[in-house]
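So this one's protein.cif, mmCIF, C-alpha atoms, pLDDT in the B column; chains and numbers go by the auth columns:
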data_data
loop_
_atom_site.group_PDB
_atom_site.id
_atom_site.type_symbol
_atom_site.label_atom_id
_atom_site.label_comp_id
_atom_site.label_asym_id
_atom_site.label_seq_id
_atom_site.Cartn_x
_atom_site.Cartn_y
_atom_site.Cartn_z
_atom_site.B_iso_or_equiv
_atom_site.auth_seq_id
_atom_site.auth_asym_id
ATOM 1 C CA MET A 1 102.945 14.158 -59.673 95.00 1 L
ATOM 2 C CA TYR A 2 103.658 16.448 -62.611 97.00 2 L
ATOM 3 C CA VAL A 3 100.953 18.605 -64.244 97.00 3 L
ATOM 4 C CA ARG A 4 101.007 16.741 -67.563 97.00 4 L
ATOM 5 C CA GLU A 5 101.176 13.378 -65.803 97.00 5 L
ATOM 6 C CA TYR A 6 98.135 14.254 -63.677 98.00 6 L
ATOM 7 C CA LEU A 7 96.145 15.479 -66.670 98.00 7 L
ATOM 8 C CA GLY A 8 97.116 12.284 -68.509 97.00 8 L
ATOM 9 C CA PHE A 9 95.781 10.256 -65.577 98.00 9 L
ATOM 10 C CA VAL A 10 92.490 12.194 -65.562 98.00 10 L
ATOM 11 C CA ALA A 11 92.204 11.817 -69.353 98.00 11 L
ATOM 12 C CA ALA A 12 92.705 8.049 -69.009 97.00 12 L
ATOM 13 C CA VAL A 13 90.013 7.821 -66.318 97.00 13 L
ATOM 14 C CA HIS A 14 87.589 9.575 -68.668 97.00 14 L
ATOM 15 C CA GLN A 15 88.790 7.584 -71.676 97.00 15 L
ATOM 16 C CA VAL A 16 89.511 10.742 -73.642 97.00 16 L
ATOM 17 C CA LYS A 17 90.170 10.182 -77.331 95.00 17 L
ATOM 18 C CA ASP A 18 93.557 11.579 -78.369 96.00 18 L
ATOM 19 C CA PRO A 19 94.602 12.475 -74.806 96.00 19 L
ATOM 20 C CA LYS A 20 97.890 14.139 -75.826 96.00 20 L
ATOM 21 C CA GLN A 21 96.087 16.645 -78.024 97.00 21 L
ATOM 22 C CA ARG A 22 93.409 17.295 -75.404 97.00 22 L
ATOM 23 C CA ILE A 23 96.016 17.807 -72.674 98.00 23 L
ATOM 24 C CA GLU A 24 97.717 20.437 -74.852 97.00 24 L
ATOM 25 C CA GLU A 25 94.363 22.131 -75.467 97.00 25 L
ATOM 26 C CA VAL A 26 93.422 22.417 -71.782 97.00 26 L
ATOM 27 C CA ILE A 27 96.942 23.462 -70.788 97.00 27 L
ATOM 28 C CA SER A 28 96.745 26.298 -73.300 96.00 28 L
ATOM 29 C CA LEU A 29 93.153 27.169 -72.387 94.00 29 L
ATOM 30 C CA THR A 30 93.863 27.422 -68.662 93.00 30 L
ATOM 31 C CA GLY A 31 97.180 29.260 -69.002 92.00 31 L
ATOM 32 C CA LEU A 32 99.326 26.409 -67.700 94.00 32 L
ATOM 33 C CA THR A 33 101.857 26.306 -70.537 95.00 33 L
ATOM 34 C CA VAL A 34 104.729 27.832 -68.538 94.00 34 L
ATOM 35 C CA GLU A 35 104.096 25.601 -65.501 95.00 35 L
ATOM 36 C CA SER A 36 103.095 22.404 -67.304 94.00 36 L
ATOM 37 C CA LYS A 37 106.393 20.572 -66.716 95.00 37 L
ATOM 38 C CA LYS A 38 106.461 21.186 -62.965 97.00 38 L
ATOM 39 C CA LYS A 39 105.251 19.085 -60.078 97.00 39 L
ATOM 40 C CA ILE A 40 101.838 20.188 -58.841 97.00 40 L
ATOM 41 C CA ALA A 41 103.198 20.545 -55.294 97.00 41 L
ATOM 42 C CA GLN A 42 105.652 23.205 -56.564 97.00 42 L
ATOM 43 C CA LEU A 43 102.900 25.413 -58.024 95.00 43 L
ATOM 44 C CA SER A 44 101.334 28.487 -56.444 90.00 44 L
ATOM 45 C CA LYS A 45 97.746 28.293 -55.274 88.00 45 L
ATOM 46 C CA GLY A 46 96.635 30.055 -58.449 88.00 46 L
ATOM 47 C CA TYR A 47 98.296 27.526 -60.714 92.00 47 L
ATOM 48 C CA LYS A 48 96.964 24.658 -58.623 93.00 48 L
ATOM 49 C CA GLN A 49 93.489 26.117 -59.204 91.00 49 L
ATOM 50 C CA ARG A 50 94.227 26.136 -62.931 92.00 50 L
ATOM 51 C CA VAL A 51 95.289 22.474 -62.806 95.00 51 L
ATOM 52 C CA GLY A 52 91.975 21.642 -61.157 94.00 52 L
ATOM 53 C CA LEU A 53 90.087 23.552 -63.842 94.00 53 L
ATOM 54 C CA ALA A 54 92.098 21.818 -66.579 96.00 54 L
ATOM 55 C CA ALA A 55 91.261 18.437 -65.034 97.00 55 L
ATOM 56 C CA ALA A 56 87.571 19.359 -64.954 96.00 56 L
ATOM 57 C CA LEU A 57 87.699 20.369 -68.625 96.00 57 L
ATOM 58 C CA ILE A 58 89.825 17.485 -69.949 97.00 58 L
ATOM 59 C CA HIS A 59 86.842 15.352 -70.978 96.00 59 L
ATOM 60 C CA ASP A 60 84.845 18.325 -72.328 95.00 60 L
ATOM 61 C CA PRO A 61 81.811 17.881 -70.067 96.00 61 L
ATOM 62 C CA GLU A 62 78.407 19.302 -71.008 95.00 62 L
ATOM 63 C CA VAL A 63 78.026 20.700 -67.492 94.00 63 L
ATOM 64 C CA LEU A 64 80.885 22.254 -65.552 94.00 64 L
ATOM 65 C CA ILE A 65 80.421 22.700 -61.797 93.00 65 L
ATOM 66 C CA LEU A 66 82.773 25.183 -60.118 92.00 66 L
ATOM 67 C CA ASP A 67 82.834 26.062 -56.429 91.00 67 L
ATOM 68 C CA GLU A 68 84.669 29.311 -55.635 89.00 68 L
ATOM 69 C CA PRO A 69 87.127 28.875 -58.549 88.00 69 L
ATOM 70 C CA THR A 70 88.883 32.213 -57.998 87.00 70 L
ATOM 71 C CA THR A 71 89.329 32.073 -54.224 83.00 71 L
ATOM 72 C CA GLY A 72 92.861 32.954 -53.197 77.00 72 L
ATOM 73 C CA LEU A 73 94.000 34.051 -56.646 84.00 73 L
ATOM 74 C CA ASP A 74 95.837 37.283 -57.345 87.00 74 L
ATOM 75 C CA PRO A 75 93.946 39.954 -59.349 89.00 75 L
ATOM 76 C CA ASN A 76 95.563 39.048 -62.686 89.00 76 L
ATOM 77 C CA GLN A 77 94.784 35.364 -62.253 89.00 77 L
ATOM 78 C CA ILE A 78 91.180 36.185 -61.302 90.00 78 L
ATOM 79 C CA ILE A 79 90.708 38.078 -64.572 91.00 79 L
ATOM 80 C CA GLU A 80 92.207 35.215 -66.602 90.00 80 L
ATOM 81 C CA ILE A 81 90.137 32.502 -64.899 91.00 81 L
ATOM 82 C CA ARG A 82 86.945 34.572 -65.231 91.00 82 L
ATOM 83 C CA GLU A 83 87.584 34.777 -68.970 92.00 83 L
ATOM 84 C CA VAL A 84 88.093 31.003 -69.228 92.00 84 L
ATOM 85 C CA ILE A 85 84.810 30.441 -67.359 92.00 85 L
ATOM 86 C CA ARG A 86 82.935 32.923 -69.574 91.00 86 L
ATOM 87 C CA GLN A 87 84.305 31.213 -72.701 91.00 87 L
ATOM 88 C CA GLN A 88 83.183 27.818 -71.422 92.00 88 L
ATOM 89 C CA GLY A 89 79.749 29.218 -70.650 90.00 89 L
ATOM 90 C CA GLN A 90 79.239 30.027 -74.324 91.00 90 L
ATOM 91 C CA HIS A 91 78.991 26.368 -75.290 91.00 91 L
ATOM 92 C CA LYS A 92 78.205 24.483 -72.076 92.00 92 L
ATOM 93 C CA THR A 93 76.298 24.904 -68.853 90.00 93 L
ATOM 94 C CA VAL A 94 78.465 26.270 -66.062 91.00 94 L
ATOM 95 C CA LEU A 95 77.207 26.060 -62.487 90.00 95 L
ATOM 96 C CA PHE A 96 79.244 28.510 -60.480 85.00 96 L
ATOM 97 C CA SER A 97 78.908 28.955 -56.729 88.00 97 L
ATOM 98 C CA SER A 98 80.226 31.951 -54.857 86.00 98 L
ATOM 99 C CA HIS A 99 79.340 34.187 -51.978 83.00 99 L
ATOM 100 C CA ILE A 100 81.286 37.054 -53.569 84.00 100 L
ATOM 101 C CA LEU A 101 78.824 39.268 -55.440 82.00 101 L
ATOM 102 C CA GLN A 102 81.577 40.821 -57.571 84.00 102 L
ATOM 103 C CA GLU A 103 82.478 37.357 -58.904 87.00 103 L
ATOM 104 C CA VAL A 104 78.872 36.572 -59.725 85.00 104 L
ATOM 105 C CA GLU A 105 78.436 39.889 -61.542 86.00 105 L
ATOM 106 C CA ALA A 106 81.653 39.387 -63.521 87.00 106 L
ATOM 107 C CA ILE A 107 80.865 35.844 -64.661 88.00 107 L
ATOM 108 C CA CYS A 108 77.172 35.024 -64.576 87.00 108 L
ATOM 109 C CA ASP A 109 74.197 35.833 -66.800 84.00 109 L
ATOM 110 C CA ARG A 110 71.650 34.053 -64.649 86.00 110 L
ATOM 111 C CA VAL A 111 71.657 33.854 -60.852 86.00 111 L
ATOM 112 C CA ILE A 112 70.033 31.526 -58.358 85.00 112 L
ATOM 113 C CA ILE A 113 70.237 32.660 -54.748 84.00 113 L
ATOM 114 C CA ILE A 114 69.880 29.943 -52.132 84.00 114 L
ATOM 115 C CA HIS A 115 69.309 30.805 -48.483 84.00 115 L
ATOM 116 C CA LYS A 116 69.195 28.042 -45.885 88.00 116 L
ATOM 117 C CA GLY A 117 68.537 25.453 -48.591 89.00 117 L
ATOM 118 C CA ASN A 118 65.676 27.352 -50.244 88.00 118 L
ATOM 119 C CA ILE A 119 65.768 29.135 -53.589 89.00 119 L
ATOM 120 C CA VAL A 120 64.899 32.751 -52.842 86.00 120 L
ATOM 121 C CA ALA A 121 65.724 34.206 -56.276 86.00 121 L
ATOM 122 C CA ASN A 122 66.144 32.727 -59.739 88.00 122 L
ATOM 123 C CA ASP A 123 66.418 35.084 -62.691 89.00 123 L
ATOM 124 C CA LYS A 124 68.717 36.924 -65.057 89.00 124 L
ATOM 125 C CA LEU A 125 71.209 39.154 -63.283 83.00 125 L
ATOM 126 C CA ALA A 126 69.759 42.339 -64.828 82.00 126 L
ATOM 127 C CA VAL A 127 66.265 41.489 -63.558 86.00 127 L
ATOM 128 C CA LEU A 128 67.552 40.780 -60.050 82.00 128 L
ATOM 129 C CA ARG A 129 69.499 44.049 -60.042 79.00 129 L
ATOM 130 C CA GLN A 130 66.389 45.961 -61.018 80.00 130 L
ATOM 131 C CA ALA A 131 64.328 44.235 -58.324 76.00 131 L
ATOM 132 C CA GLY A 132 67.059 44.926 -55.767 66.00 132 L
ATOM 133 C CA SER A 133 67.020 48.657 -56.499 60.00 133 L
ATOM 134 C CA SER A 134 63.425 48.865 -55.308 58.00 134 L
ATOM 135 C CA GLN A 135 64.127 47.312 -51.895 58.00 135 L
ATOM 136 C CA GLN A 136 62.919 49.156 -48.858 55.00 136 L
ATOM 137 C CA SER A 137 64.912 49.877 -45.723 54.00 137 L
ATOM 138 C CA VAL A 138 63.559 49.527 -42.211 57.00 138 L
ATOM 139 C CA GLN A 139 64.834 51.595 -39.315 59.00 139 L
ATOM 140 C CA VAL A 140 64.840 50.028 -35.881 63.00 140 L
ATOM 141 C CA GLY A 141 65.207 52.079 -32.717 62.00 141 L
ATOM 142 C CA ILE A 142 67.193 50.619 -29.823 66.00 142 L
ATOM 143 C CA GLN A 143 66.901 51.849 -26.232 63.00 143 L
ATOM 144 C CA ARG A 144 68.680 50.557 -23.186 65.00 144 L
ATOM 145 C CA ARG A 145 66.545 49.796 -20.127 67.00 145 L
ATOM 146 C CA CYS A 146 69.278 50.351 -17.543 64.00 146 L
ATOM 147 C CA GLY A 147 68.668 54.078 -17.535 60.00 147 L
ATOM 148 C CA HIS A 148 71.689 54.689 -19.744 59.00 148 L
ATOM 149 C CA GLN A 149 71.280 56.213 -23.153 59.00 149 L
ATOM 150 C CA PRO A 150 73.317 54.697 -25.962 56.00 150 L
ATOM 151 C CA PRO A 151 76.144 56.824 -27.345 57.00 151 L
ATOM 152 C CA SER A 152 75.083 59.340 -29.950 57.00 152 L
ATOM 153 C CA GLY A 153 74.625 57.816 -33.411 53.00 153 L
ATOM 154 C CA THR A 154 74.040 54.258 -32.180 50.00 154 L
ATOM 155 C CA GLU A 155 70.366 54.556 -31.329 49.00 155 L
ATOM 156 C CA ARG A 156 69.267 53.565 -34.832 49.00 156 L
ATOM 157 C CA SER A 157 70.340 50.771 -37.147 46.00 157 L
ATOM 158 C CA VAL A 158 69.448 50.393 -40.787 47.00 158 L
ATOM 159 C CA ILE A 159 68.452 46.944 -42.014 47.00 159 L
ATOM 160 C CA GLY A 160 68.163 46.515 -45.752 46.00 160 L
#

Please re-express this file's structure in structure tokens.
Amino acid sequence: MYVREYLGFVAAVHQVKDPKQRIEEVISLTGLTVESKKKIAQLSKGYKQRVGLAAALIHDPEVLILDEPTTGLDPNQIIEIREVIRQQGQHKTVLFSSHILQEVEAICDRVIIIHKGNIVANDKLAVLRQAGSSQQSVQVGIQRRCGHQPPSGTERSVIG
């Protein structure tokens, strides 16, 4: 299936008014103009990611949910996709999941940290950074019981 054909299909599913215009808008927004006449299977992983983002945006949702949207992209594509996400966040709610702290810092204003299904932090990024700078470290000593001493430098571990 071709990029434009796929976006047309998604627009039809969502009953988008003026689908041709909207397809052009999301193609431009996501940087797909050069690749828009190709088959999706012929695209690089980065452009396939962009097609997915364009499909998610085609019906202009109030909430946009993205799971690891920059995984596997080259550095230039990461910068471009981050900018698209930031722009969308100015006029809609964007839920963005990532385990890469650098991505979170580059994109998000507010962060919710979930650990084993429980929310362990929920605040603005600046507040969480400030709280994180006051963390304490614990040193744990490790001794072997076999009568052997561990190699020098391995008798202590820092847990933070």

For this session: Point out the residue among L:Glu35, L:Arg50, L:Arg86, L:Ala121 with the least atom-to-atom distance to Gly72 of chain L, counting all atoms listed in the file.
Result: L:Arg50

For this session: List the neighbours of Thr33 of chain L out to 12 Å using only C-alpha atoms; skip same-chain residues closer than 3 positions along the sequence, and give me the result as a list in words.
Result: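 My list of contacting residues is Val3, Arg4, Ile23, Glu24, Glu25, Val26, Ile27, Ser28, Leu29, Thr30, Ser36, Lys37, Lys38, Tyr47, Arg50, Val51 and Ala54 of chain L.
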
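If you apply the PyMOL selection byres ((chain L and resi 90) around 12) to this structure, you end up with L:Glu62, L:Val63, L:Leu64, L:Glu83, L:Val84, L:Ile85, L:Arg86, L:Gln87, L:Gln88, L:Gly89, L:His91, L:Lys92, L:Thr93, L:Val94, L:Ile107, L:Cys108, L:Asp109.
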
Exercise. Any idea what the distance is between atom CA of Ser98 of chain L and atom CA of Ile112 of chain L?
Worked result: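 Here the two named atoms are 10.8 Å from each other.
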
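Minimum atom-to-atom distances from L:Ala55, L:Gln42, L:His99, L:Gln49 to Val10 of chain L were compared using only C-alpha atoms, and the lowest value belongs to L:Ala55.
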
As AutoDock Vina command-line options: centre and edge lengths in Å, one decimal, of the axis-aligned box holding segment 67-73 of chain L with 5 Å per side:
--center_x 88.4 --center_y 30.1 --center_z -55.9 --size_x 21.2 --size_y 18.0 --size_z 15.4

For this session: Could you check which of L:Pro19, L:Gly117, L:Gly46, L:Pro61 is closest to Ile79 of chain L, using all atoms listed in the file?
Result: L:Gly46

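Comparing the minimum interatomic distances between Lys45 of chain L and each of L:Glu5, L:Asp74, L:Asp60, L:Glu103, counting only C-alpha atoms, we find that L:Asp74 sits nearest.
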